[in-house]
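Below: input.pdb (PDB, C-alpha atoms)
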ATOM      1  CA  MET A1074      -9.344  24.516 -24.851
ATOM      2  CA  ALA A1075      -6.015  22.887 -24.066
ATOM      3  CA  LYS A1076      -5.404  19.466 -25.573
ATOM      4  CA  VAL A1077      -3.149  16.785 -24.078
ATOM      5  CA  PHE A1078      -2.028  13.450 -25.519
ATOM      6  CA  LEU A1079      -1.415  10.683 -22.975
ATOM      7  CA  SER A1080       0.398   7.394 -23.561
ATOM      8  CA  ALA A1081       0.381   4.250 -21.429
ATOM      9  CA  GLY A1082       3.582   2.496 -22.399
ATOM     10  CA  HIS A1083       3.601  -1.120 -23.646
ATOM     11  CA  GLY A1084       0.393  -3.202 -23.683
ATOM     12  CA  GLY A1085      -1.061  -6.311 -25.276
ATOM     13  CA  THR A1086       1.625  -8.876 -26.023
ATOM     14  CA  ASP A1087       4.277  -6.485 -24.694
ATOM     15  CA  PRO A1088       3.980  -6.500 -20.876
ATOM     16  CA  GLY A1089       6.964  -4.229 -20.304
ATOM     17  CA  ALA A1090       8.941  -4.816 -17.123
ATOM     18  CA  CYS A1091       7.593  -7.502 -14.769
ATOM     19  CA  ALA A1092       8.374  -8.256 -11.125
ATOM     20  CA  TYR A1093       6.658  -9.345  -7.919
ATOM     21  CA  GLY A1094       3.536 -10.391  -9.827
ATOM     22  CA  MET A1095       3.129  -6.963 -11.416
ATOM     23  CA  LYS A1096       3.241  -5.988 -15.077
ATOM     24  CA  GLU A1097       4.370  -2.598 -16.259
ATOM     25  CA  LYS A1098       1.651  -2.352 -18.907
ATOM     26  CA  ALA A1099      -1.072  -2.517 -16.232
ATOM     27  CA  ILE A1100       0.578   0.045 -13.952
ATOM     28  CA  ASN A1101       1.075   2.455 -16.840
ATOM     29  CA  LEU A1102      -2.570   2.161 -17.847
ATOM     30  CA  ASN A1103      -3.848   2.753 -14.316
ATOM     31  CA  VAL A1104      -1.697   5.853 -14.003
ATOM     32  CA  MET A1105      -2.767   7.178 -17.393
ATOM     33  CA  LEU A1106      -6.501   6.628 -16.880
ATOM     34  CA  ALA A1107      -6.420   8.434 -13.540
ATOM     35  CA  CYS A1108      -4.462  11.287 -15.105
ATOM     36  CA  ARG A1109      -6.944  11.454 -17.974
ATOM     37  CA  ASN A1110      -9.923  11.610 -15.627
ATOM     38  CA  GLU A1111      -8.439  14.486 -13.647
ATOM     39  CA  LEU A1112      -7.567  16.459 -16.772
ATOM     40  CA  ILE A1113     -11.061  15.982 -18.184
ATOM     41  CA  ARG A1114     -12.525  17.093 -14.852
ATOM     42  CA  HIS A1115     -10.650  20.365 -15.339
ATOM     43  CA  GLY A1116     -11.928  20.938 -18.852
ATOM     44  CA  VAL A1117      -8.849  19.679 -20.733
ATOM     45  CA  GLU A1118      -9.374  17.751 -23.965
ATOM     46  CA  VAL A1119      -7.504  14.443 -23.743
ATOM     47  CA  VAL A1120      -6.477  11.963 -26.443
ATOM     48  CA  CYS A1121      -5.163   8.586 -25.221
ATOM     49  CA  SER A1122      -2.901   6.047 -26.894
ATOM     50  CA  ARG A1123      -5.001   3.215 -25.443
ATOM     51  CA  VAL A1124      -7.655   2.794 -22.762
ATOM     52  CA  LYS A1125      -7.404  -0.984 -22.392
ATOM     53  CA  ASP A1126      -4.820  -3.744 -22.624
ATOM     54  CA  GLU A1127      -3.940  -3.859 -26.326
ATOM     55  CA  ASN A1128      -0.900  -3.684 -28.569
ATOM     56  CA  ASP A1129       0.235  -0.096 -29.042
ATOM     57  CA  PRO A1130       3.942   0.196 -29.943
ATOM     58  CA  VAL A1131       5.707   3.505 -29.496
ATOM     59  CA  THR A1132       5.780   4.089 -33.259
ATOM     60  CA  GLN A1133       1.991   3.992 -33.275
ATOM     61  CA  GLU A1134       1.820   6.211 -30.182
ATOM     62  CA  VAL A1135       3.907   8.852 -31.916
ATOM     63  CA  LYS A1136       1.687   8.761 -34.999
ATOM     64  CA  GLU A1137      -1.390   9.140 -32.812
ATOM     65  CA  ALA A1138       0.182  11.980 -30.842
ATOM     66  CA  ASN A1139       1.151  13.921 -33.955
ATOM     67  CA  ALA A1140      -2.260  13.350 -35.524
ATOM     68  CA  SER A1141      -3.958  14.680 -32.376
ATOM     69  CA  LYS A1142      -2.192  18.050 -32.692
ATOM     70  CA  ALA A1143      -2.122  18.217 -28.896
ATOM     71  CA  ASP A1144      -0.341  20.996 -27.048
ATOM     72  CA  VAL A1145       1.682  18.525 -25.018
ATOM     73  CA  ALA A1146       2.312  14.761 -24.901
ATOM     74  CA  VAL A1147       3.142  12.686 -21.826
ATOM     75  CA  SER A1148       4.011   8.984 -21.748
ATOM     76  CA  PHE A1149       3.875   6.917 -18.561
ATOM     77  CA  HIS A1150       6.252   4.053 -17.850
ATOM     78  CA  THR A1151       7.559   1.955 -14.963
ATOM     79  CA  ASN A1152      11.288   1.418 -14.631
ATOM     80  CA  ALA A1153      13.388  -1.684 -14.002
ATOM     81  CA  GLY A1154      17.024  -2.341 -13.205
ATOM     82  CA  GLY A1155      17.110  -2.149  -9.435
ATOM     83  CA  GLY A1156      17.178   1.629  -9.062
ATOM     84  CA  ASP A1157      15.013   3.774  -6.832
ATOM     85  CA  GLY A1158      12.608   6.627  -7.489
ATOM     86  CA  SER A1159      10.780   8.390 -10.291
ATOM     87  CA  GLU A1160      12.347  10.302 -13.175
ATOM     88  CA  SER A1161      11.160  12.309 -16.162
ATOM     89  CA  PHE A1162      12.722  12.710 -19.600
ATOM     90  CA  TYR A1163      12.380  15.663 -21.995
ATOM     91  CA  TRP A1164      13.929  16.987 -25.213
ATOM     92  CA  GLN A1165      17.127  18.715 -24.126
ATOM     93  CA  GLY A1166      16.930  22.255 -25.416
ATOM     94  CA  ASP A1167      13.152  22.530 -25.051
ATOM     95  CA  ALA A1168      12.534  24.886 -22.119
ATOM     96  CA  ASN A1169       8.859  23.911 -22.031
ATOM     97  CA  GLY A1170       9.746  20.250 -21.853
ATOM     98  CA  LEU A1171      12.168  20.936 -19.019
ATOM     99  CA  LYS A1172       9.473  22.850 -17.132
ATOM    100  CA  LEU A1173       6.919  20.053 -17.500
ATOM    101  CA  ALA A1174       9.424  17.348 -16.541
ATOM    102  CA  GLN A1175      10.370  19.298 -13.417
ATOM    103  CA  LEU A1176       6.706  19.667 -12.485
ATOM    104  CA  CYS A1177       6.175  15.920 -12.894
ATOM    105  CA  GLU A1178       8.965  15.254 -10.421
ATOM    106  CA  LYS A1179       7.669  17.963  -8.074
ATOM    107  CA  TYR A1180       4.326  16.216  -7.742
ATOM    108  CA  THR A1181       5.659  12.645  -7.476
ATOM    109  CA  LYS A1182       7.905  13.847  -4.655
ATOM    110  CA  ALA A1183       4.792  15.292  -2.988
ATOM    111  CA  LEU A1184       3.436  11.718  -2.859
ATOM    112  CA  GLY A1185       6.520  10.652  -0.934
ATOM    113  CA  GLN A1186       8.370   9.130  -3.883
ATOM    114  CA  ASN A1187      12.102   9.660  -4.251
ATOM    115  CA  SER A1188      13.083  11.553  -7.404
ATOM    116  CA  ARG A1189      16.010  10.788  -9.669
ATOM    117  CA  GLY A1190      15.416  14.160 -11.329
ATOM    118  CA  VAL A1191      14.904  15.183 -14.933
ATOM    119  CA  LYS A1192      17.050  13.866 -17.757
ATOM    120  CA  SER A1193      17.639  14.256 -21.465
ATOM    121  CA  GLY A1194      15.333  12.023 -23.474
ATOM    122  CA  ASN A1195      16.755  12.872 -26.888
ATOM    123  CA  HIS A1196      17.394   9.165 -27.446
ATOM    124  CA  LEU A1197      13.760   8.178 -26.764
ATOM    125  CA  TRP A1198      11.486   7.848 -29.802
ATOM    126  CA  PHE A1199       8.459   9.233 -27.979
ATOM    127  CA  ILE A1200      10.445  12.363 -27.137
ATOM    128  CA  LYS A1201      12.289  12.944 -30.408
ATOM    129  CA  ALA A1202       9.587  11.964 -32.920
ATOM    130  CA  THR A1203       6.620  13.892 -31.481
ATOM    131  CA  ASN A1204       5.882  17.332 -32.888
ATOM    132  CA  MET A1205       4.900  18.910 -29.588
ATOM    133  CA  THR A1206       6.513  19.322 -26.183
ATOM    134  CA  ALA A1207       6.812  15.786 -24.839
ATOM    135  CA  VAL A1208       7.787  14.177 -21.547
ATOM    136  CA  LEU A1209       8.245  10.526 -20.631
ATOM    137  CA  SER A1210       7.842   9.823 -16.909
ATOM    138  CA  GLU A1211       8.918   6.714 -15.028
ATOM    139  CA  VAL A1212       6.852   6.110 -11.879
ATOM    140  CA  GLY A1213       9.523   4.056 -10.134
ATOM    141  CA  PHE A1214      11.302   0.703 -10.226
ATOM    142  CA  ILE A1215       9.029  -2.323 -10.423
ATOM    143  CA  ASP A1216      11.866  -4.709  -9.487
ATOM    144  CA  ASN A1217      12.873  -2.831  -6.331
ATOM    145  CA  ASP A1218      10.584  -4.213  -3.635
ATOM    146  CA  LYS A1219      11.177  -1.173  -1.432
ATOM    147  CA  ASP A1220      10.589   1.350  -4.203
ATOM    148  CA  ASN A1221       7.466  -0.364  -5.554
ATOM    149  CA  ASP A1222       5.759  -0.200  -2.155
ATOM    150  CA  ILE A1223       4.509   3.248  -3.126
ATOM    151  CA  PHE A1224       2.806   2.100  -6.348
ATOM    152  CA  ASP A1225       1.955  -1.592  -5.934
ATOM    153  CA  THR A1226      -1.825  -1.121  -5.590
ATOM    154  CA  VAL A1227      -4.355   0.273  -8.052
ATOM    155  CA  GLY A1228      -5.212   3.089  -5.643
ATOM    156  CA  GLU A1229      -1.565   4.124  -5.363
ATOM    157  CA  GLN A1230      -1.134   4.002  -9.135
ATOM    158  CA  GLN A1231      -4.188   6.205  -9.515
ATOM    159  CA  ALA A1232      -2.648   8.630  -7.014
ATOM    160  CA  PHE A1233       0.369   8.918  -9.316
ATOM    161  CA  GLY A1234      -2.010   9.648 -12.180
ATOM    162  CA  VAL A1235      -3.542  12.500 -10.191
ATOM    163  CA  ALA A1236      -0.050  13.791  -9.346
ATOM    164  CA  TYR A1237       0.914  13.868 -13.028
ATOM    165  CA  ALA A1238      -2.386  15.588 -13.836
ATOM    166  CA  LYS A1239      -1.530  18.291 -11.307
ATOM    167  CA  ALA A1240       1.826  18.751 -13.045
ATOM    168  CA  ILE A1241       0.221  19.063 -16.473
ATOM    169  CA  LEU A1242      -2.433  21.459 -15.179
ATOM    170  CA  GLU A1243       0.186  23.707 -13.582
ATOM    171  CA  TYR A1244       2.161  23.655 -16.826
ATOM    172  CA  LEU A1245      -0.996  24.703 -18.706
ATOM    173  CA  GLY A1246      -1.744  27.435 -16.168
ATOM    174  CA  ILE A1247      -4.943  25.756 -14.912
ATOM    175  CA  ALA A1248      -5.616  25.844 -11.171
ATOM    176  CA  TYR A1249      -6.211  22.435  -9.603
ATOM    177  CA  LYS A1250      -9.604  21.964  -7.933
ATOM    178  CA  GLU A1251      -9.679  19.509  -5.084
ATOM    179  CA  GLN A1252     -12.351  16.844  -5.391
ATOM    180  CA  LYS A1253     -15.110  17.005  -2.835
ATOM    181  CA  THR A1254     -14.829  13.491  -1.467
ATOM    182  CA  ALA A1255     -15.358  14.115   2.236
ATOM    183  CA  LYS A1256     -18.948  12.840   2.222
ATOM    184  CA  GLN A1257     -18.114   9.364   0.926
ATOM    185  CA  ILE A1258     -17.566   6.944   3.790
ATOM    186  CA  PRO A1259     -16.386   3.664   2.190
ATOM    187  CA  GLY A1260     -16.389   1.481   5.294
ATOM    188  CA  ASN A1261     -14.552  -1.823   5.463
ATOM    189  CA  ALA A1262     -13.991  -4.065   2.468
ATOM    190  CA  LYS A1263     -15.599  -7.517   2.621
ATOM    191  CA  ASN A1264     -12.511  -9.245   1.216
ATOM    192  CA  SER A1265      -9.408  -8.608  -0.916
ATOM    193  CA  ASN A1266     -10.543  -9.739  -4.373
ATOM    194  CA  GLN A1267      -9.680  -6.262  -5.724
ATOM    195  CA  LEU A1268     -12.925  -5.549  -7.580
ATOM    196  CA  TRP A1269     -12.718  -1.758  -7.928
ATOM    197  CA  TYR A1270     -15.468   0.727  -8.742
ATOM    198  CA  ARG A1271     -16.097   4.452  -8.577
ATOM    199  CA  ALA A1272     -19.162   6.722  -8.331
ATOM    200  CA  HIS A1273     -19.935  10.071  -9.941
ATOM    201  CA  CYS A1274     -22.362  11.985  -7.712
ATOM    202  CA  GLN A1275     -24.407  15.166  -7.910
ATOM    203  CA  ASN A1276     -22.337  18.262  -6.971
ATOM    204  CA  LEU A1277     -19.379  16.069  -6.005
ATOM    205  CA  GLY A1278     -18.126  14.687  -9.313
ATOM    206  CA  TRP A1279     -16.010  11.556  -9.328
ATOM    207  CA  LEU A1280     -15.416  10.210  -5.832
ATOM    208  CA  ASN A1281     -12.418   8.146  -4.801
ATOM    209  CA  PRO A1282     -12.346   4.544  -6.074
ATOM    210  CA  VAL A1283     -13.457   1.865  -3.608
ATOM    211  CA  HIS A1284     -13.371  -1.933  -3.714
ATOM    212  CA  ASP A1285     -14.844  -5.235  -2.592
ATOM    213  CA  GLY A1286     -18.120  -4.170  -0.991
ATOM    214  CA  GLN A1287     -17.122  -0.713   0.191
ATOM    215  CA  THR A1288     -19.659   2.085  -0.295
ATOM    216  CA  ALA A1289     -19.348   4.128  -3.501
ATOM    217  CA  GLY A1290     -21.461   7.266  -3.331
ATOM    218  CA  THR A1291     -23.121   8.930  -0.343
ATOM    219  CA  THR A1292     -25.884   8.166   2.127
ATOM    220  CA  GLY A1293     -27.877  10.669   4.161
ATOM    221  CA  PHE A1294     -27.253  13.665   1.917
ATOM    222  CA  SER A1295     -30.032  13.323  -0.709
ATOM    223  CA  THR A1296     -27.393  13.235  -3.434
ATOM    224  CA  ARG A1297     -28.059  11.323  -6.630
ATOM    225  CA  LEU A1298     -25.573   8.854  -8.047
ATOM    226  CA  GLU A1299     -25.201   9.688 -11.746
ATOM    227  CA  ALA A1300     -22.580   7.302 -13.096
ATOM    228  CA  LEU A1301     -20.293   4.399 -12.262
ATOM    229  CA  LEU A1302     -16.996   2.985 -13.455
ATOM    230  CA  ILE A1303     -16.239  -0.671 -12.684
ATOM    231  CA  ASP A1304     -12.685  -1.987 -13.043
ATOM    232  CA  LEU A1305     -12.028  -5.723 -13.517
ATOM    233  CA  ARG A1306      -8.362  -5.414 -14.490
ATOM    234  CA  THR A1307      -6.968  -6.860 -11.270
ATOM    235  CA  ILE A1308      -9.579  -9.636 -11.359
ATOM    236  CA  ARG A1309      -8.504 -10.450 -14.926
ATOM    237  CA  GLU A1310      -4.928 -11.030 -13.825
ATOM    238  CA  LYS A1311      -6.230 -14.259 -12.236
ATOM    239  CA  TYR A1312      -9.297 -14.762 -14.469
ATOM    240  CA  PRO A1313      -8.357 -13.576 -18.000
ATOM    241  CA  ASP A1314     -11.807 -14.454 -19.376
ATOM    242  CA  ALA A1315     -13.710 -12.369 -16.826
ATOM    243  CA  LYS A1316     -16.447 -10.376 -18.555
ATOM    244  CA  LEU A1317     -18.966  -8.010 -17.003
ATOM    245  CA  SER A1318     -22.232  -6.930 -18.631
ATOM    246  CA  GLY A1319     -25.381  -5.301 -17.351
ATOM    247  CA  ASP A1320     -28.553  -3.279 -17.717
ATOM    248  CA  PHE A1321     -28.801   0.253 -16.339
ATOM    249  CA  HIS A1322     -31.919   2.382 -15.959
ATOM    250  CA  VAL A1323     -31.314   6.134 -16.196
ATOM    251  CA  GLN A1324     -33.784   8.980 -15.635
ATOM    252  CA  ASN A1325     -35.381  10.185 -18.921
ATOM    253  CA  ILE A1326     -33.393   7.615 -20.919
ATOM    254  CA  GLY A1327     -34.674   4.259 -19.741
ATOM    255  CA  THR A1328     -32.791   0.983 -19.674
ATOM    256  CA  VAL A1329     -29.463   0.704 -21.485
ATOM    257  CA  HIS A1330     -27.677  -2.635 -21.992
ATOM    258  CA  LEU A1331     -23.879  -2.750 -21.902
ATOM    259  CA  ASP A1332     -22.458  -6.017 -23.185
ATOM    260  CA  ASN A1333     -18.785  -5.700 -22.251
ATOM    261  CA  ILE A1334     -17.948  -3.293 -19.429
ATOM    262  CA  GLU A1335     -14.333  -2.104 -19.514
ATOM    263  CA  PRO A1336     -12.623   0.159 -16.925
ATOM    264  CA  ASP A1337     -13.445   3.262 -18.994
ATOM    265  CA  THR A1338     -17.040   2.268 -19.827
ATOM    266  CA  LEU A1339     -19.289   5.008 -18.494
ATOM    267  CA  ILE A1340     -22.319   3.541 -16.733
ATOM    268  CA  GLY A1341     -24.915   6.312 -16.596
ATOM    269  CA  THR A1342     -24.287   9.943 -17.553
ATOM    270  CA  ILE A1343     -22.247  12.936 -16.412
ATOM    271  CA  GLY A1344     -23.017  16.595 -17.002
ATOM    272  CA  LYS A1345     -26.739  15.950 -17.577
ATOM    273  CA  SER A1346     -28.074  15.952 -13.989
ATOM    274  CA  LEU A1347     -29.732  12.562 -14.509
ATOM    275  CA  ARG A1348     -30.074  10.006 -11.737
ATOM    276  CA  LEU A1349     -29.178   6.328 -12.042
ATOM    277  CA  GLU A1350     -32.329   4.525 -10.887
ATOM    278  CA  ALA A1351     -31.616   0.802 -11.246
ATOM    279  CA  PHE A1352     -29.005  -1.660 -12.458
ATOM    280  CA  ARG A1353     -28.430  -5.351 -13.050
ATOM    281  CA  LEU A1354     -24.953  -6.913 -13.370
ATOM    282  CA  HIS A1355     -23.821 -10.236 -14.830
ATOM    283  CA  LEU A1356     -20.316 -11.675 -14.512
ATOM    284  CA  GLU A1357     -18.842 -14.464 -16.642
ATOM    285  CA  GLY A1358     -15.454 -16.162 -16.647
ATOM    286  CA  VAL A1359     -14.942 -16.348 -12.863
ATOM    287  CA  PRO A1360     -16.096 -19.917 -12.140
ATOM    288  CA  ASP A1361     -15.294 -20.139  -8.429
ATOM    289  CA  LYS A1362     -16.785 -16.828  -7.271
ATOM    290  CA  LYS A1363     -20.226 -15.214  -7.353
ATOM    291  CA  LEU A1364     -21.121 -11.559  -7.907
ATOM    292  CA  TYR A1365     -23.174  -9.624  -5.339
ATOM    293  CA  TYR A1366     -24.253  -5.975  -5.128
ATOM    294  CA  GLU A1367     -26.711  -3.678  -3.393
ATOM    295  CA  ALA A1368     -28.096  -0.179  -3.836
ATOM    296  CA  HIS A1369     -28.954   2.587  -1.401
ATOM    297  CA  VAL A1370     -32.164   4.126  -2.783
ATOM    298  CA  GLN A1371     -33.983   7.375  -2.022
ATOM    299  CA  ASP A1372     -36.643   6.945   0.719
ATOM    300  CA  ILE A1373     -35.765   3.237   1.027
ATOM    301  CA  GLY A1374     -32.149   2.991   2.150
ATOM    302  CA  TRP A1375     -30.125  -0.150   1.527
ATOM    303  CA  GLN A1376     -32.449  -2.504  -0.350
ATOM    304  CA  GLY A1377     -30.651  -5.693   0.470
ATOM    305  CA  VAL A1378     -28.144  -7.849  -1.354
ATOM    306  CA  ARG A1379     -28.771  -8.765  -4.981
ATOM    307  CA  LYS A1380     -27.193 -11.753  -6.721
ATOM    308  CA  ASP A1381     -25.747 -11.866 -10.219
ATOM    309  CA  GLY A1382     -28.495 -11.005 -12.723
ATOM    310  CA  GLU A1383     -30.946  -9.501 -10.226
ATOM    311  CA  MET A1384     -32.152  -5.888 -10.408
ATOM    312  CA  ALA A1385     -31.049  -3.382  -7.758
ATOM    313  CA  GLY A1386     -32.839  -0.045  -7.426
ATOM    314  CA  THR A1387     -36.291   0.840  -8.761
ATOM    315  CA  THR A1388     -37.960   1.686 -12.067
ATOM    316  CA  GLY A1389     -41.099   3.761 -12.577
ATOM    317  CA  GLN A1390     -40.839   5.384  -9.133
ATOM    318  CA  SER A1391     -38.536   8.351  -9.900
ATOM    319  CA  LYS A1392     -36.208   7.368  -7.079
ATOM    320  CA  ARG A1393     -32.489   7.980  -7.224
ATOM    321  CA  ILE A1394     -29.761   5.520  -6.343
ATOM    322  CA  GLU A1395     -27.454   7.257  -3.871
ATOM    323  CA  ALA A1396     -24.761   4.639  -3.281
ATOM    324  CA  VAL A1397     -23.755   1.112  -4.293
ATOM    325  CA  ARG A1398     -21.661  -1.779  -3.043
ATOM    326  CA  ILE A1399     -20.252  -4.489  -5.342
ATOM    327  CA  TRP A1400     -18.198  -7.552  -4.447
ATOM    328  CA  LEU A1401     -17.275 -11.159  -5.216
ATOM    329  CA  GLU A1402     -17.468 -14.118  -2.882
TER     330      GLU A1402
END
Once more with this new file: its structure as structure tokens, please.
Amino acid sequence: MAKVFLSAGHGGTDPGACAYGMKEKAINLNVMLACRNELIRHGVEVVCSRVKDENDPVTQEVKEANASKADVAVSFHTNAGGGDGSESFYWQGDANGLKLAQLCEKYTKALGQNSRGVKSGNHLWFIKATNMTAVLSEVGFIDNDKDNDIFDTVGEQQAFGVAYAKAILEYLGIAYKEQKTAKQIPGNAKNSNQLWYRAHCQNLGWLNPVHDGQTAGTTGFSTRLEALLIDLRTIREKYPDAKLSGDFHVQNIGTVHLDNIEPDTLIGTIGKSLRLEAFRLHLEGVPDKKLYYEAHVQDIGWQGVRKDGEMAGTTGQSKRIEAVRIWLE
């Protein structure tokens, strides 16, 4: 099995470049997590420098990369300085690094991003101190308001992550498998609070992320919802103390309590063919908004809106949740 090390540059007390209300550390993490998810979906073993906002200097990243003994290492960054477009750095003289860097630019261009090409990264610690083929990719320029239009939302940043995953997969000789997302019909968002979530469904895998009351999952296809990811990172930009917890009832497992749900916290299971049957969510640290959610349940349909702390779904009835909606008001 191929192994890949991924780095999200900066983090914690080091925000990286900042402009137009955006922080590089958050963009890098969104890109990396989306890339990680796609690689894992294709059977690639992935080791990450960080999966949340925490201090992780490049010296530590290099140590982690070398300890992982990965086949390849890729670090994601966001540029500043008023330029335009993406670019990828590699160790000059490493033909494999050149190939991977070129593939990274190939797939960012496919998103519509301008490319500044591939460049020597012999001066970059992540490139020169790692033991494996390494590439450092810059998504674009955060301080160019025209350039950042293509990556200034979480969904767009995740699209870059998928693009980089495609590059890595092609480098590894693994064919990319398109996600079967056609059956998810999100509908309109209720507002623009940017509460994001994502459903993993039977036979479909991870569906596209949705937000603010849109439908995650499917209705009318008798397809069980198996897992969820809920992302509060954008909410925490305004409410740093926001904390989500909950109880989740899974087929054959029962009720599991999760005290602090982070963007990578798996709610439910994947690869076990088990249905999510019920859930209860509780949000703290957002004093002027309330949490609402609802579940679409087998043989019942949409149950109706639940408030913070109330149970959605059923227990003891062997009924699957098929879709959910989550939002703040």
inquiry  = Using all atoms listed in the file, which protein or nucleic acid residues come within 9 Å of Ser1141 in chain A? Drop anything in the same chain fewer than 5 positions from it, and give the result as a VMD selection string.
reply    = chain A and resid 1076 to 1078 1120 1136
request  = Apply the PyMOL selection byres ((chain A and resi 1106) around 12) to the structure shown and report the selected residues as a PyMOL selection string.
outcome  = chain A and resi 1078-1081+1099-1105+1107-1113+1119-1126+1148-1149+1227-1228+1230-1235+1237-1238+1302+1304+1336-1338
inquiry  = Between A:Pro1282, A:Ile1303, A:Ser1188, A:Arg1114, which residue has the minimum interatomic distance to Glu1251 in chain A, considering all atoms listed in the file?
reply    =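 That would be A:Arg1114, the residue with the smallest distance to Glu1251 in chain A.
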ask   = So what does the PyMOL selection byres ((chain A and resi 1092) around 10) actually pick up in this one, as a list in words?
value = Ala1090, Cys1091, Tyr1093, Gly1094, Met1095, Lys1096, Glu1097, Ala1153, Phe1214, Ile1215, Asp1216, Asn1217, Asp1218 and Asn1221 of chain A
request  = Quick one: pull the distance between CA of Asn1264 in chain A and CA of Ile1399 in chain A, Å, one decimal.
outcome  =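 One can read the CA of Asn1264 in chain A to CA of Ile1399 in chain A distance as 11.2 Å.
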request  = Determine the residue membership of the PyMOL selection byres ((chain A and resi 1340) around 7) for the file above and supply it as a list in words.
outcome  = Ala1300, Leu1301, Leu1302, Thr1338, Leu1339, Gly1341 and Thr1342 of chain A
key: Among listed residues A:Leu1242, A:Val1145, A:Cys1177, A:Leu1171, nearest Ala1207 in chain A (using only C-alpha atoms)   =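 Closest residue, counting only C-alpha atoms: A:Val1145.
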key: Distance of CA of Thr1181 in chain A from CA of Thr1086 in chain A, expressed in Å to one decimal place   = 28.7 Å
task = Report the distance between CA of Trp1164 in chain A and CA of Asp1087 in chain A in Å, rounded to one decimal place.
result = 25.4 Å
message = Need to verify the contact set: Asn1261 in chain A, 10 Å, all atoms listed in the file, exclusion of same-chain residues closer than 6 positions in sequence. Can you return it as an MDAnalysis selection string?
response = chainID A and resid 1283:1288
Protein, DNA and RNA residues within 9 Å of (-30.1, -1.9, -21.1), all atoms listed in the file, as a list in words =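 Checking each residue against the 9 Å limit leaves Gly1319, Asp1320, Phe1321, His1322, Gly1327, Thr1328, Val1329, His1330, Leu1331, Asp1332, Phe1352 and Arg1353 of chain A.
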task = Identify which of the residues A:Gln1267, A:Val1370, A:Gln1133, A:Arg1306 lies closest to Lys1098 in chain A, counting all atoms listed in the file when measuring atom-to-atom distances.
result = A:Arg1306
task = Name the residues in contact with Val1323 in chain A at a cut-off of 6 Å, using only C-alpha atoms, excluding same-chain residues fewer than 2 positions from it; report them as a list of chain:residue names.
result =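 Selected residues are A:Ile1326, A:Gly1327, A:Leu1349, A:Glu1350.
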How would the residues just chosen look if you wrote them out with C-alpha atoms as an mmCIF file, in the coordinates of the input?
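Saved to part-v5.cif:
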data_model
loop_
_atom_site.group_PDB
_atom_site.id
_atom_site.type_symbol
_atom_site.label_atom_id
_atom_site.label_comp_id
_atom_site.auth_asym_id
_atom_site.auth_seq_id
_atom_site.Cartn_x
_atom_site.Cartn_y
_atom_site.Cartn_z
ATOM 1 C CA ILE A 1326 -33.393 7.615 -20.919
ATOM 2 C CA GLY A 1327 -34.674 4.259 -19.741
ATOM 3 C CA LEU A 1349 -29.178 6.328 -12.042
ATOM 4 C CA GLU A 1350 -32.329 4.525 -10.887
#
Give me range 1393-1401 of chain A with N, CA, C and O atoms filled in, as a CSV table (one decimal), in the coordinates of the input.
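The result, written out as part.csv:
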chain,number,residue,atom,x,y,z
A,1393,ARG,N,-33.9,8.0,-6.9
A,1393,ARG,CA,-32.5,8.0,-7.2
A,1393,ARG,C,-31.7,6.9,-6.4
A,1393,ARG,O,-32.0,6.7,-5.3
A,1394,ILE,N,-30.8,6.3,-7.1
A,1394,ILE,CA,-29.8,5.5,-6.3
A,1394,ILE,C,-28.8,6.5,-5.8
A,1394,ILE,O,-28.4,7.5,-6.5
A,1395,GLU,N,-28.4,6.3,-4.5
A,1395,GLU,CA,-27.5,7.3,-3.9
A,1395,GLU,C,-26.1,6.6,-3.6
A,1395,GLU,O,-25.1,7.4,-3.6
A,1396,ALA,N,-26.0,5.3,-3.5
A,1396,ALA,CA,-24.8,4.6,-3.3
A,1396,ALA,C,-24.9,3.2,-3.7
A,1396,ALA,O,-26.0,2.6,-3.7
A,1397,VAL,N,-23.8,2.5,-4.0
A,1397,VAL,CA,-23.8,1.1,-4.3
A,1397,VAL,C,-22.6,0.4,-3.6
A,1397,VAL,O,-21.6,1.0,-3.2
A,1398,ARG,N,-22.7,-0.9,-3.5
A,1398,ARG,CA,-21.7,-1.8,-3.0
A,1398,ARG,C,-21.6,-3.0,-4.0
A,1398,ARG,O,-22.7,-3.5,-4.3
A,1399,ILE,N,-20.4,-3.4,-4.4
A,1399,ILE,CA,-20.3,-4.5,-5.3
A,1399,ILE,C,-19.1,-5.4,-4.8
A,1399,ILE,O,-18.1,-4.8,-4.5
A,1400,TRP,N,-19.3,-6.7,-4.9
A,1400,TRP,CA,-18.2,-7.6,-4.4
A,1400,TRP,C,-18.4,-9.0,-5.0
A,1400,TRP,O,-19.4,-9.3,-5.5
A,1401,LEU,N,-17.3,-9.7,-4.9
A,1401,LEU,CA,-17.3,-11.2,-5.2
A,1401,LEU,C,-17.1,-12.0,-4.0
A,1401,LEU,O,-16.4,-11.6,-3.0
